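Undergrad: Contents of data_33.pdb (PDB, C-alpha atoms and all ligand atoms) are given next:
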ATOM      1  CA  MET A 837       0.000   0.000   0.000  1.00  0.00           C
ATOM      2  CA  ILE A 838       1.008   3.631  -0.379  1.00  0.00           C
ATOM      3  CA  ASP A 839       1.636   5.841   2.669  1.00  0.00           C
ATOM      4  CA  VAL A 840       0.521   9.421   2.006  1.00  0.00           C
ATOM      5  CA  TYR A 841       2.251  12.016   4.200  1.00  0.00           C
ATOM      6  CA  THR A 842       0.259  15.198   3.995  1.00  0.00           C
ATOM      7  CA  ALA A 843      -1.736  17.961   5.696  1.00  0.00           C
ATOM      8  CA  ASN A 844      -4.750  20.157   5.000  1.00  0.00           C
ATOM      9  CA  THR A 845      -3.070  22.586   2.568  1.00  0.00           C
ATOM     10  CA  PRO A 846      -3.373  23.421  -1.158  1.00  0.00           C
ATOM     11  CA  ASN A 847      -0.371  21.203  -1.963  1.00  0.00           C
ATOM     12  CA  GLY A 848      -1.335  18.527   0.536  1.00  0.00           C
ATOM     13  CA  VAL A 849      -4.797  18.001  -0.907  1.00  0.00           C
ATOM     14  CA  LYS A 850      -3.451  17.147  -4.359  1.00  0.00           C
ATOM     15  CA  VAL A 851      -2.341  13.693  -3.288  1.00  0.00           C
ATOM     16  CA  THR A 852      -5.485  12.660  -1.408  1.00  0.00           C
ATOM     17  CA  ILE A 853      -7.591  13.822  -4.365  1.00  0.00           C
ATOM     18  CA  ALA A 854      -5.366  11.912  -6.788  1.00  0.00           C
ATOM     19  CA  MET A 855      -5.548   8.752  -4.660  1.00  0.00           C
ATOM     20  CA  GLU A 856      -9.333   9.047  -4.399  1.00  0.00           C
ATOM     21  CA  GLU A 857      -9.561   9.529  -8.172  1.00  0.00           C
ATOM     22  CA  THR A 858      -7.563   6.325  -8.750  1.00  0.00           C
ATOM     23  CA  GLY A 859      -9.843   4.411  -6.375  1.00  0.00           C
ATOM     24  CA  GLU A 860      -6.817   2.716  -4.782  1.00  0.00           C
ATOM     25  CA  ALA A 861      -6.480   2.254  -0.999  1.00  0.00           C
ATOM     26  CA  TYR A 862      -3.868   4.296   0.870  1.00  0.00           C
ATOM     27  CA  ASN A 863      -2.598   4.947   4.399  1.00  0.00           C
ATOM     28  CA  LEU A 864      -3.140   8.540   5.400  1.00  0.00           C
ATOM     29  CA  LYS A 865      -0.293   9.902   7.555  1.00  0.00           C
ATOM     30  CA  LEU A 866      -1.353  13.348   8.715  1.00  0.00           C
ATOM     31  CA  LEU A 867       1.464  15.687   9.728  1.00  0.00           C
ATOM     32  CA  ASN A 868       1.009  18.595  12.115  1.00  0.00           C
ATOM     33  CA  LEU A 869       2.821  21.461  10.361  1.00  0.00           C
ATOM     34  CA  SER A 870       2.523  23.810  13.363  1.00  0.00           C
ATOM     35  CA  ASN A 871       4.326  21.158  15.363  1.00  0.00           C
ATOM     36  CA  GLN A 872       7.059  21.080  12.674  1.00  0.00           C
ATOM     37  CA  ASP A 873       6.484  17.353  12.013  1.00  0.00           C
ATOM     38  CA  GLN A 874       7.749  18.020   8.465  1.00  0.00           C
ATOM     39  CA  LYS A 875      11.227  18.949   9.776  1.00  0.00           C
ATOM     40  CA  LYS A 876      11.703  15.860  11.951  1.00  0.00           C
ATOM     41  CA  PRO A 877      14.505  13.439  10.998  1.00  0.00           C
ATOM     42  CA  ALA A 878      12.179  10.534  10.180  1.00  0.00           C
ATOM     43  CA  PHE A 879      10.255  12.656   7.682  1.00  0.00           C
ATOM     44  CA  LEU A 880      13.384  14.248   6.202  1.00  0.00           C
ATOM     45  CA  LYS A 881      14.377  10.747   5.068  1.00  0.00           C
ATOM     46  CA  ILE A 882      11.210  10.774   2.939  1.00  0.00           C
ATOM     47  CA  ASN A 883      11.395  14.400   1.824  1.00  0.00           C
ATOM     48  CA  PRO A 884      14.823  15.982   2.335  1.00  0.00           C
ATOM     49  CA  ASN A 885      13.160  19.355   1.665  1.00  0.00           C
ATOM     50  CA  GLY A 886      11.038  19.071   4.826  1.00  0.00           C
ATOM     51  CA  ARG A 887       7.690  19.827   3.206  1.00  0.00           C
ATOM     52  CA  ILE A 888       4.491  17.988   2.513  1.00  0.00           C
ATOM     53  CA  PRO A 889       3.241  16.144   0.506  1.00  0.00           C
ATOM     54  CA  ALA A 890       5.318  12.983   0.126  1.00  0.00           C
ATOM     55  CA  ILE A 891       4.531   9.308  -0.387  1.00  0.00           C
ATOM     56  CA  VAL A 892       6.153   5.950   0.274  1.00  0.00           C
ATOM     57  CA  ASP A 893       5.082   3.106  -1.992  1.00  0.00           C
ATOM     58  CA  HIS A 894       5.513  -0.274  -0.282  1.00  0.00           C
ATOM     59  CA  ASP A 895       3.770  -2.135  -3.083  1.00  0.00           C
ATOM     60  CA  VAL A 896       6.903  -2.542  -5.209  1.00  0.00           C
ATOM     61  CA  LYS A 897       9.599  -5.140  -5.756  1.00  0.00           C
ATOM     62  CA  GLY A 898      12.543  -4.479  -3.435  1.00  0.00           C
ATOM     63  CA  GLU A 899      12.917  -1.397  -1.268  1.00  0.00           C
ATOM     64  CA  PRO A 900       9.912   0.934  -0.816  1.00  0.00           C
ATOM     65  CA  VAL A 901       9.918   3.910  -3.191  1.00  0.00           C
ATOM     66  CA  ARG A 902       9.741   7.414  -1.719  1.00  0.00           C
ATOM     67  CA  VAL A 903       8.503  10.328  -3.821  1.00  0.00           C
ATOM     68  CA  PHE A 904       8.484  14.006  -2.854  1.00  0.00           C
ATOM     69  CA  GLU A 905       7.310  17.124  -4.749  1.00  0.00           C
ATOM     70  CA  SER A 906       3.598  17.073  -5.545  1.00  0.00           C
ATOM     71  CA  GLY A 907       4.099  17.130  -9.321  1.00  0.00           C
ATOM     72  CA  ALA A 908       6.407  14.116  -9.199  1.00  0.00           C
ATOM     73  CA  ILE A 909       3.977  12.309  -6.877  1.00  0.00           C
ATOM     74  CA  LEU A 910       1.009  12.796  -9.182  1.00  0.00           C
ATOM     75  CA  LEU A 911       3.062  11.702 -12.187  1.00  0.00           C
ATOM     76  CA  TYR A 912       4.179   8.596 -10.271  1.00  0.00           C
ATOM     77  CA  LEU A 913       0.599   7.712  -9.299  1.00  0.00           C
ATOM     78  CA  ALA A 914      -0.694   8.326 -12.831  1.00  0.00           C
ATOM     79  CA  GLU A 915       1.955   6.033 -14.302  1.00  0.00           C
ATOM     80  CA  LYS A 916       1.599   3.366 -11.605  1.00  0.00           C
ATOM     81  CA  PHE A 917      -2.173   3.098 -11.877  1.00  0.00           C
ATOM     82  CA  GLY A 918      -2.597   4.009 -15.564  1.00  0.00           C
ATOM     83  CA  LYS A 919      -5.062   6.803 -14.781  1.00  0.00           C
ATOM     84  CA  LEU A 920      -5.194  10.627 -14.749  1.00  0.00           C
ATOM     85  CA  LEU A 921      -2.962  11.065 -17.823  1.00  0.00           C
ATOM     86  CA  PRO A 922      -4.124  10.824 -21.440  1.00  0.00           C
ATOM     87  CA  SER A 923      -2.553   8.082 -23.573  1.00  0.00           C
ATOM     88  CA  ASP A 924      -2.194  10.384 -26.580  1.00  0.00           C
ATOM     89  CA  PRO A 925       1.433  11.682 -26.392  1.00  0.00           C
ATOM     90  CA  ALA A 926       0.601  15.319 -27.198  1.00  0.00           C
ATOM     91  CA  LYS A 927      -2.182  15.455 -24.599  1.00  0.00           C
ATOM     92  CA  ARG A 928      -0.044  13.599 -22.077  1.00  0.00           C
ATOM     93  CA  ILE A 929       2.779  16.113 -22.262  1.00  0.00           C
ATOM     94  CA  ASP A 930       0.239  18.939 -22.158  1.00  0.00           C
ATOM     95  CA  ALA A 931      -1.049  17.601 -18.818  1.00  0.00           C
ATOM     96  CA  ILE A 932       2.521  17.396 -17.527  1.00  0.00           C
ATOM     97  CA  ALA A 933       3.181  20.954 -18.726  1.00  0.00           C
ATOM     98  CA  TRP A 934       0.176  22.214 -16.738  1.00  0.00           C
ATOM     99  CA  ALA A 935       1.530  20.399 -13.685  1.00  0.00           C
ATOM    100  CA  PHE A 936       4.856  22.244 -14.091  1.00  0.00           C
ATOM    101  CA  PHE A 937       2.904  25.484 -14.630  1.00  0.00           C
ATOM    102  CA  GLN A 938       1.385  24.979 -11.195  1.00  0.00           C
ATOM    103  CA  THR A 939       4.573  24.127  -9.300  1.00  0.00           C
ATOM    104  CA  GLY A 940       6.572  26.862 -11.055  1.00  0.00           C
ATOM    105  CA  GLY A 941       3.854  29.519 -11.155  1.00  0.00           C
ATOM    106  CA  ILE A 942       0.509  29.345  -9.383  1.00  0.00           C
ATOM    107  CA  GLY A 943       1.907  27.680  -6.247  1.00  0.00           C
ATOM    108  CA  PRO A 944       4.904  29.885  -5.418  1.00  0.00           C
ATOM    109  CA  ILE A 945       3.375  33.124  -6.706  1.00  0.00           C
ATOM    110  CA  MET A 946       0.007  32.763  -4.969  1.00  0.00           C
ATOM    111  CA  GLY A 947       1.854  31.505  -1.903  1.00  0.00           C
ATOM    112  CA  GLN A 948       3.751  34.797  -1.779  1.00  0.00           C
ATOM    113  CA  ALA A 949       0.549  36.796  -2.372  1.00  0.00           C
ATOM    114  CA  GLY A 950      -1.016  35.121   0.657  1.00  0.00           C
ATOM    115  CA  PHE A 951       2.162  35.561   2.680  1.00  0.00           C
ATOM    116  CA  PHE A 952       2.308  39.319   2.087  1.00  0.00           C
ATOM    117  CA  LYS A 953      -1.452  39.755   2.554  1.00  0.00           C
ATOM    118  CA  ASN A 954      -1.534  37.876   5.827  1.00  0.00           C
ATOM    119  CA  ASN A 955       1.803  38.966   7.339  1.00  0.00           C
ATOM    120  CA  PHE A 956       2.738  42.369   5.909  1.00  0.00           C
ATOM    121  CA  PRO A 957      -0.423  44.508   5.644  1.00  0.00           C
ATOM    122  CA  ASP A 958       1.804  47.625   5.879  1.00  0.00           C
ATOM    123  CA  PHE A 959       3.722  46.655   2.745  1.00  0.00           C
ATOM    124  CA  PRO A 960       0.994  46.680   0.056  1.00  0.00           C
ATOM    125  CA  GLN A 961       3.550  46.794  -2.795  1.00  0.00           C
ATOM    126  CA  GLY A 962       4.662  43.239  -1.966  1.00  0.00           C
ATOM    127  CA  TYR A 963       1.103  41.956  -1.932  1.00  0.00           C
ATOM    128  CA  GLU A 964       0.128  43.816  -5.127  1.00  0.00           C
ATOM    129  CA  ARG A 965       3.134  42.448  -7.006  1.00  0.00           C
ATOM    130  CA  PHE A 966       2.240  38.810  -6.279  1.00  0.00           C
ATOM    131  CA  LYS A 967      -1.519  39.304  -6.435  1.00  0.00           C
ATOM    132  CA  SER A 968      -1.380  40.796  -9.938  1.00  0.00           C
ATOM    133  CA  GLU A 969       0.942  38.032 -11.160  1.00  0.00           C
ATOM    134  CA  SER A 970      -1.405  35.432  -9.610  1.00  0.00           C
ATOM    135  CA  GLU A 971      -4.297  37.020 -11.497  1.00  0.00           C
ATOM    136  CA  ARG A 972      -2.313  36.894 -14.728  1.00  0.00           C
ATOM    137  CA  LEU A 973      -1.618  33.179 -14.190  1.00  0.00           C
ATOM    138  CA  ILE A 974      -5.303  32.536 -13.429  1.00  0.00           C
ATOM    139  CA  SER A 975      -6.194  34.320 -16.684  1.00  0.00           C
ATOM    140  CA  VAL A 976      -3.990  31.784 -18.502  1.00  0.00           C
ATOM    141  CA  LEU A 977      -6.041  28.989 -16.922  1.00  0.00           C
ATOM    142  CA  ASP A 978      -9.239  30.809 -17.842  1.00  0.00           C
ATOM    143  CA  ASP A 979      -8.251  31.119 -21.522  1.00  0.00           C
ATOM    144  CA  SER A 980      -7.580  27.394 -21.676  1.00  0.00           C
ATOM    145  CA  LEU A 981     -10.740  26.424 -19.769  1.00  0.00           C
ATOM    146  CA  GLN A 982     -12.863  28.365 -22.248  1.00  0.00           C
ATOM    147  CA  GLN A 983     -11.958  25.625 -24.758  1.00  0.00           C
ATOM    148  CA  SER A 984     -12.718  22.484 -22.722  1.00  0.00           C
ATOM    149  CA  ASP A 985     -14.256  21.264 -19.466  1.00  0.00           C
ATOM    150  CA  TYR A 986     -10.880  20.303 -17.990  1.00  0.00           C
ATOM    151  CA  LEU A 987      -7.398  21.632 -18.689  1.00  0.00           C
ATOM    152  CA  VAL A 988      -6.603  18.832 -21.118  1.00  0.00           C
ATOM    153  CA  GLY A 989      -9.826  17.912 -22.917  1.00  0.00           C
ATOM    154  CA  ASP A 990     -12.982  16.535 -21.367  1.00  0.00           C
ATOM    155  CA  ASP A 991     -11.492  14.302 -18.671  1.00  0.00           C
ATOM    156  CA  VAL A 992      -9.846  15.150 -15.387  1.00  0.00           C
ATOM    157  CA  THR A 993      -6.048  14.735 -15.346  1.00  0.00           C
ATOM    158  CA  ILE A 994      -3.199  15.510 -12.994  1.00  0.00           C
ATOM    159  CA  ALA A 995      -3.240  18.989 -14.587  1.00  0.00           C
ATOM    160  CA  ASP A 996      -6.557  19.787 -12.869  1.00  0.00           C
ATOM    161  CA  ILE A 997      -5.700  18.123  -9.574  1.00  0.00           C
ATOM    162  CA  MET A 998      -2.528  20.205  -9.315  1.00  0.00           C
ATOM    163  CA  GLN A 999      -4.448  23.497  -9.477  1.00  0.00           C
ATOM    164  CA  ILE A1000      -7.724  22.904  -7.623  1.00  0.00           C
ATOM    165  CA  GLY A1001      -6.526  23.354  -4.038  1.00  0.00           C
ATOM    166  CA  TRP A1002      -4.947  26.683  -4.943  1.00  0.00           C
ATOM    167  CA  ILE A1003      -7.874  28.018  -6.952  1.00  0.00           C
ATOM    168  CA  ASP A1004     -10.336  26.905  -4.276  1.00  0.00           C
ATOM    169  CA  ARG A1005      -8.416  28.867  -1.632  1.00  0.00           C
ATOM    170  CA  ALA A1006      -7.423  31.860  -3.797  1.00  0.00           C
ATOM    171  CA  PRO A1007     -10.179  34.200  -2.480  1.00  0.00           C
ATOM    172  CA  GLY A1008      -9.735  33.360   1.204  1.00  0.00           C
ATOM    173  CA  TYR A1009      -5.989  32.911   1.418  1.00  0.00           C
ATOM    174  CA  ALA A1010      -4.732  35.386  -1.176  1.00  0.00           C
ATOM    175  CA  GLY A1011      -7.709  37.777  -1.445  1.00  0.00           C
ATOM    176  CA  ILE A1012      -8.101  37.106  -5.162  1.00  0.00           C
ATOM    177  CA  ASP A1013     -11.465  37.845  -6.749  1.00  0.00           C
ATOM    178  CA  LEU A1014     -12.256  35.065  -9.235  1.00  0.00           C
ATOM    179  CA  SER A1015     -15.260  36.797 -10.830  1.00  0.00           C
ATOM    180  CA  PRO A1016     -13.234  38.065 -13.857  1.00  0.00           C
ATOM    181  CA  PHE A1017     -12.482  34.394 -14.624  1.00  0.00           C
ATOM    182  CA  PRO A1018     -15.835  32.682 -15.301  1.00  0.00           C
ATOM    183  CA  ALA A1019     -14.352  29.612 -16.991  1.00  0.00           C
ATOM    184  CA  VAL A1020     -12.143  29.043 -13.935  1.00  0.00           C
ATOM    185  CA  ILE A1021     -15.167  29.391 -11.626  1.00  0.00           C
ATOM    186  CA  ALA A1022     -17.176  26.882 -13.698  1.00  0.00           C
ATOM    187  CA  TRP A1023     -14.211  24.450 -13.715  1.00  0.00           C
ATOM    188  CA  ARG A1024     -13.674  24.892  -9.955  1.00  0.00           C
ATOM    189  CA  ASP A1025     -17.319  24.073  -9.301  1.00  0.00           C
ATOM    190  CA  ARG A1026     -17.124  21.082 -11.670  1.00  0.00           C
ATOM    191  CA  MET A1027     -14.046  19.821  -9.831  1.00  0.00           C
ATOM    192  CA  LEU A1028     -15.513  20.372  -6.357  1.00  0.00           C
ATOM    193  CA  ALA A1029     -18.674  18.459  -7.370  1.00  0.00           C
ATOM    194  CA  ARG A1030     -16.689  15.292  -8.154  1.00  0.00           C
ATOM    195  CA  PRO A1031     -17.174  12.707  -5.369  1.00  0.00           C
ATOM    196  CA  SER A1032     -13.456  11.815  -5.369  1.00  0.00           C
ATOM    197  CA  VAL A1033     -12.440  15.447  -5.019  1.00  0.00           C
ATOM    198  CA  LYS A1034     -14.920  15.879  -2.152  1.00  0.00           C
ATOM    199  CA  ARG A1035     -13.481  12.821  -0.396  1.00  0.00           C
ATOM    200  CA  GLY A1036      -9.886  13.950  -0.986  1.00  0.00           C
ATOM    201  CA  ILE A1037     -10.690  17.273   0.678  1.00  0.00           C
ATOM    202  CA  GLU A1038     -12.811  15.815   3.516  1.00  0.00           C
ATOM    203  CA  VAL A1039     -10.202  13.301   4.724  1.00  0.00           C
ATOM    204  CA  LEU A1040      -7.842  16.163   5.597  1.00  0.00           C
ATOM    205  CA  LYS A1041     -10.308  18.167   7.648  1.00  0.00           C
ATOM    206  CA  PRO A1042     -10.044  17.971  11.445  1.00  0.00           C
ATOM    207  CA  LYS A1043     -12.564  15.530  12.919  1.00  0.00           C
ATOM    208  CA  LEU A1044     -14.820  17.221  15.447  1.00  0.00           C
TER     209      LEU A1044
HETATM  210  N1  LIG A1101       6.941  22.429  -4.434  1.00  0.00           N
HETATM  211  C1  LIG A1101       6.417  21.695  -3.299  1.00  0.00           C
HETATM  212  C2  LIG A1101       5.824  22.660  -2.306  1.00  0.00           C
HETATM  213  C3  LIG A1101       5.458  21.967  -1.009  1.00  0.00           C
HETATM  214  C4  LIG A1101       5.055  22.968   0.070  1.00  0.00           C
HETATM  215  O1  LIG A1101       5.352  24.168  -0.006  1.00  0.00           O
HETATM  216  N2  LIG A1101       4.351  22.453   1.095  1.00  0.00           N
HETATM  217  C5  LIG A1101       3.939  23.292   2.205  1.00  0.00           C
HETATM  218  C6  LIG A1101       2.464  23.089   2.508  1.00  0.00           C
HETATM  219  S1  LIG A1101       1.412  23.615   1.177  1.00  0.00           S
HETATM  220  C7  LIG A1101       4.703  22.916   3.452  1.00  0.00           C
HETATM  221  O2  LIG A1101       5.071  21.773   3.644  1.00  0.00           O
HETATM  222  N3  LIG A1101       4.906  23.908   4.342  1.00  0.00           N
HETATM  223  C8  LIG A1101       5.551  23.692   5.595  1.00  0.00           C
HETATM  224  C9  LIG A1101       6.964  24.196   5.637  1.00  0.00           C
HETATM  225  O3  LIG A1101       7.407  24.849   4.687  1.00  0.00           O
HETATM  226  O4  LIG A1101       7.647  23.906   6.617  1.00  0.00           O
HETATM  227  C10 LIG A1101       5.381  20.680  -3.799  1.00  0.00           C
HETATM  228  O5  LIG A1101       4.714  20.980  -4.792  1.00  0.00           O
HETATM  229  O6  LIG A1101       5.252  19.587  -3.217  1.00  0.00           O
END
As C-alpha cells, please, write out the structure in this file.
TA:
Amino acid sequence: MIDVYTANTPNGVKVTIAMEETGEAYNLKLLNLSNQDQKKPAFLKINPNGRIPAIVDHDVKGEPVRVFESGAILLYLAEKFGKLLPSDPAKRIDAIAWAFFQTGGIGPIMGQAGFFKNNFPDFPQGYERFKSESERLISVLDDSLQQSDYLVGDDVTIADIMQIGWIDRAPGYAGIDLSPFPAVIAWRDRMLARPSVKRGIEVLKPKL
C-alpha cells in the first residue's frame, strides 16, 4: 500500500484527491505542520526538503519507493495506476506541462501573495506584485478552460488536480477575486462536485 504524508493545505490536498480519483487504498499519515512534524529526521528521510506532501510506496519489488514534490507524486501515481494522464502523447505532455505550470507559477506566486497579505499589511507593494501576477496566471487557466471542461480535454487529469486546491483557496488565502475568470469558476465548481475530489478534501479536515 502507499503511505501518504500530507496535511490540510493546497499542496497537501493534491495527493489525497489523486488517490481518491484512482480508487486505490492508501494509508493517510497526517502531519502537524505547526508542530514542525515536516522537519523531523524521520520525515526528512522521505522528503529531504522538509515539506508535505510525500509518499512511500511499499507495493513494489525491493525497497519501498519514496517520492516528494507534488508534481512528481502525481506523475508517479498516474503512471503506476494508468489513470489521470491521457494516452495520446501530445495530450499527455500537455497535462505534464500544466503540472509544471502549477509548481513553477501558481503555487509559489500565490503563496507569496497570501504571505504578504496575511503577514505584511503595511507593505501593500509586496502583496500587489504577487496578487497581480497570480491574477495573470489565473487568466492563462481561464483562456484554456474556455476551450474544454478540464485543462486537457474533457477528462480530469493531474493537470486539474494540481491546481484545484490553490484556486479553491485563492479568495480566502490570497484575497483574489475570481469573478473576472468565469471559466475558472465553472471548472472549480465542476471539480468540487466530483465525489473523489470531495473525499480527498474531507479526509484532511479535522474531525470534530
Ligand atoms: N513544491 C512543493 C511545495 C510543497 C510545500 O510548499 N508544502 C507546504 C504546505 S502547502 C509545506 O510543507 N509547508 C511547511 C513548511 O514549509 O515547513 C510541492 O509541490 O510539493
Undergrad: How big is the axis-aligned box around all listed atoms of ligand LIG 1101 (chain A) once 3 Å goes on each side, and where's its centre, in Å to one decimal, as AutoDock Vina command-line options?
TA:
--center_x 4.5 --center_y 22.2 --center_z 0.9 --size_x 12.2 --size_y 11.3 --size_z 17.4
Undergrad: Please give me, as a short mmCIF file (atom, residue, chain, number, x, y, z; two decimals) with C-alpha atoms, keeping the file's coordinate frame, the residues lying within 7 Å of ligand LIG 1101 (chain A) when counting only C-alpha atoms and all ligand atoms.
TA:
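The resulting out_36.cif:
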data_model
loop_
_atom_site.label_atom_id
_atom_site.label_comp_id
_atom_site.auth_asym_id
_atom_site.auth_seq_id
_atom_site.Cartn_x
_atom_site.Cartn_y
_atom_site.Cartn_z
CA THR A 845 -3.07 22.59 2.57
CA PRO A 846 -3.37 23.42 -1.16
CA ASN A 847 -0.37 21.20 -1.96
CA GLY A 848 -1.34 18.53 0.54
CA LEU A 869 2.82 21.46 10.36
CA GLN A 872 7.06 21.08 12.67
CA GLN A 874 7.75 18.02 8.46
CA LYS A 875 11.23 18.95 9.78
CA GLY A 886 11.04 19.07 4.83
CA ARG A 887 7.69 19.83 3.21
CA ILE A 888 4.49 17.99 2.51
CA PRO A 889 3.24 16.14 0.51
CA PHE A 904 8.48 14.01 -2.85
CA GLU A 905 7.31 17.12 -4.75
CA SER A 906 3.60 17.07 -5.54
CA GLY A 907 4.10 17.13 -9.32
CA THR A 939 4.57 24.13 -9.30
#
Undergrad: Expand the PyMOL selection byres (((chain A and resi 989-993) around 12) and not hetatm) into the explicit residue set it covers here, and present it as a PyMOL selection string.
TA: chain A and resi 850+853-854+857-858+910-911+913-915+918-924+926-935+980-988+994-1000+1023-1024+1026-1028+1030+1032-1033
Undergrad: Between atom CA of A:Gln938 and atom CA of A:Phe959, what is the distance in Å, rounded to a tenth?
TA: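 So the answer is 25.9 Å.
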Undergrad: Convert the output of the PyMOL selection byres (((chain A and resi 893) around 9) and not hetatm) on the shown file into explicit residues, formatted as a PDB file with C-alpha atoms, in the frame of the given file.
TA:
ATOM      1  CA  MET A 837       0.000   0.000   0.000  1.00  0.00           C
ATOM      2  CA  ILE A 838       1.008   3.631  -0.379  1.00  0.00           C
ATOM      3  CA  ASP A 839       1.636   5.841   2.669  1.00  0.00           C
ATOM      4  CA  VAL A 840       0.521   9.421   2.006  1.00  0.00           C
ATOM      5  CA  ILE A 891       4.531   9.308  -0.387  1.00  0.00           C
ATOM      6  CA  VAL A 892       6.153   5.950   0.274  1.00  0.00           C
ATOM      7  CA  HIS A 894       5.513  -0.274  -0.282  1.00  0.00           C
ATOM      8  CA  ASP A 895       3.770  -2.135  -3.083  1.00  0.00           C
ATOM      9  CA  VAL A 896       6.903  -2.542  -5.209  1.00  0.00           C
ATOM     10  CA  PRO A 900       9.912   0.934  -0.816  1.00  0.00           C
ATOM     11  CA  VAL A 901       9.918   3.910  -3.191  1.00  0.00           C
ATOM     12  CA  ARG A 902       9.741   7.414  -1.719  1.00  0.00           C
ATOM     13  CA  VAL A 903       8.503  10.328  -3.821  1.00  0.00           C
TER      14      VAL A 903
END
Undergrad: For the provided coordinates, the residues matched by the PyMOL selection byres (((chain A and resi 866) around 10) and not hetatm) should be stated as an MDAnalysis selection string.
TA: chainID A and resid 840:844 848 863:865 867:869 873 888:889 1039:1040
Undergrad: Might you pull out every residue within 10 Å of A:Gly941, with only C-alpha atoms counted and same-chain residues fewer than 4 positions away left off, and present them as a PyMOL selection string?
TA: chain A and resi 934-937+945-947+969-970+973-974
Undergrad: Could you check the closest approach to A:Tyr912 for each of A:Leu1044, A:Ala890, A:Leu1014, A:Ile1037 and tell me which residue wins, using all atoms listed in the file?
TA: A:Ala890
Undergrad: What is the distance between atom CA of A:Ile942 and atom CA of A:Gln961, in Å to one decimal?
TA: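 Straight-line distance from atom CA of A:Ile942 to atom CA of A:Gln961 works out to 18.9 Å.
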Undergrad: Restricting the calculation to only C-alpha atoms, which member of A:Pro877, A:Gly898, A:Gly943, A:Gly859 is positioned closest to A:Ala1010?
TA: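 Ranking A:Pro877, A:Gly898, A:Gly943, A:Gly859 by distance to A:Ala1010, first place goes to A:Gly943.
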Undergrad: What separation in Å, quoted to one decimal, exists between atom CA of A:Glu964 and atom CA of A:Gly1008?
TA: 15.7 Å
Undergrad: Rank nothing, just name the residue among A:Phe1017, A:Phe917, A:Phe879, A:Phe966 nearest to A:Phe952, using only C-alpha atoms.
TA: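 Distance minimum relative to A:Phe952 lands on A:Phe966.
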Undergrad: Where atoms are absent from stretch 864-875 of chain A, fill them in so it carries N, CA and C atoms, then output it as a PDB file, in the frame of the given file.
TA:
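What landed in out-v8.pdb:
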ATOM      1  N   LEU A 864      -3.288   7.096   5.214  1.00  0.00           N
ATOM      2  CA  LEU A 864      -3.140   8.540   5.400  1.00  0.00           C
ATOM      3  C   LEU A 864      -2.277   8.805   6.634  1.00  0.00           C
ATOM      4  N   LYS A 865      -1.189   9.541   6.447  1.00  0.00           N
ATOM      5  CA  LYS A 865      -0.293   9.902   7.555  1.00  0.00           C
ATOM      6  C   LYS A 865      -0.326  11.413   7.680  1.00  0.00           C
ATOM      7  N   LEU A 866      -1.185  11.896   8.580  1.00  0.00           N
ATOM      8  CA  LEU A 866      -1.353  13.348   8.715  1.00  0.00           C
ATOM      9  C   LEU A 866      -0.222  13.951   9.536  1.00  0.00           C
ATOM     10  N   LEU A 867       0.404  14.982   9.002  1.00  0.00           N
ATOM     11  CA  LEU A 867       1.464  15.687   9.728  1.00  0.00           C
ATOM     12  C   LEU A 867       0.902  16.977  10.309  1.00  0.00           C
ATOM     13  N   ASN A 868       1.386  17.330  11.495  1.00  0.00           N
ATOM     14  CA  ASN A 868       1.009  18.595  12.115  1.00  0.00           C
ATOM     15  C   ASN A 868       2.105  19.616  11.780  1.00  0.00           C
ATOM     16  N   LEU A 869       1.792  20.521  10.835  1.00  0.00           N
ATOM     17  CA  LEU A 869       2.821  21.461  10.361  1.00  0.00           C
ATOM     18  C   LEU A 869       3.199  22.465  11.441  1.00  0.00           C
ATOM     19  N   SER A 870       2.217  22.849  12.286  1.00  0.00           N
ATOM     20  CA  SER A 870       2.523  23.810  13.363  1.00  0.00           C
ATOM     21  C   SER A 870       3.503  23.204  14.352  1.00  0.00           C
ATOM     22  N   ASN A 871       3.431  21.890  14.463  1.00  0.00           N
ATOM     23  CA  ASN A 871       4.326  21.158  15.363  1.00  0.00           C
ATOM     24  C   ASN A 871       5.662  20.829  14.688  1.00  0.00           C
ATOM     25  N   GLN A 872       5.811  21.303  13.443  1.00  0.00           N
ATOM     26  CA  GLN A 872       7.059  21.080  12.674  1.00  0.00           C
ATOM     27  C   GLN A 872       7.346  19.593  12.425  1.00  0.00           C
ATOM     28  N   ASP A 873       6.280  18.784  12.315  1.00  0.00           N
ATOM     29  CA  ASP A 873       6.484  17.353  12.013  1.00  0.00           C
ATOM     30  C   ASP A 873       7.292  17.177  10.726  1.00  0.00           C
ATOM     31  N   GLN A 874       7.109  18.136   9.789  1.00  0.00           N
ATOM     32  CA  GLN A 874       7.749  18.020   8.465  1.00  0.00           C
ATOM     33  C   GLN A 874       9.258  18.244   8.505  1.00  0.00           C
ATOM     34  N   LYS A 875       9.777  18.708   9.652  1.00  0.00           N
ATOM     35  CA  LYS A 875      11.227  18.949   9.776  1.00  0.00           C
ATOM     36  C   LYS A 875      11.897  17.868  10.628  1.00  0.00           C
TER      37      LYS A 875
END
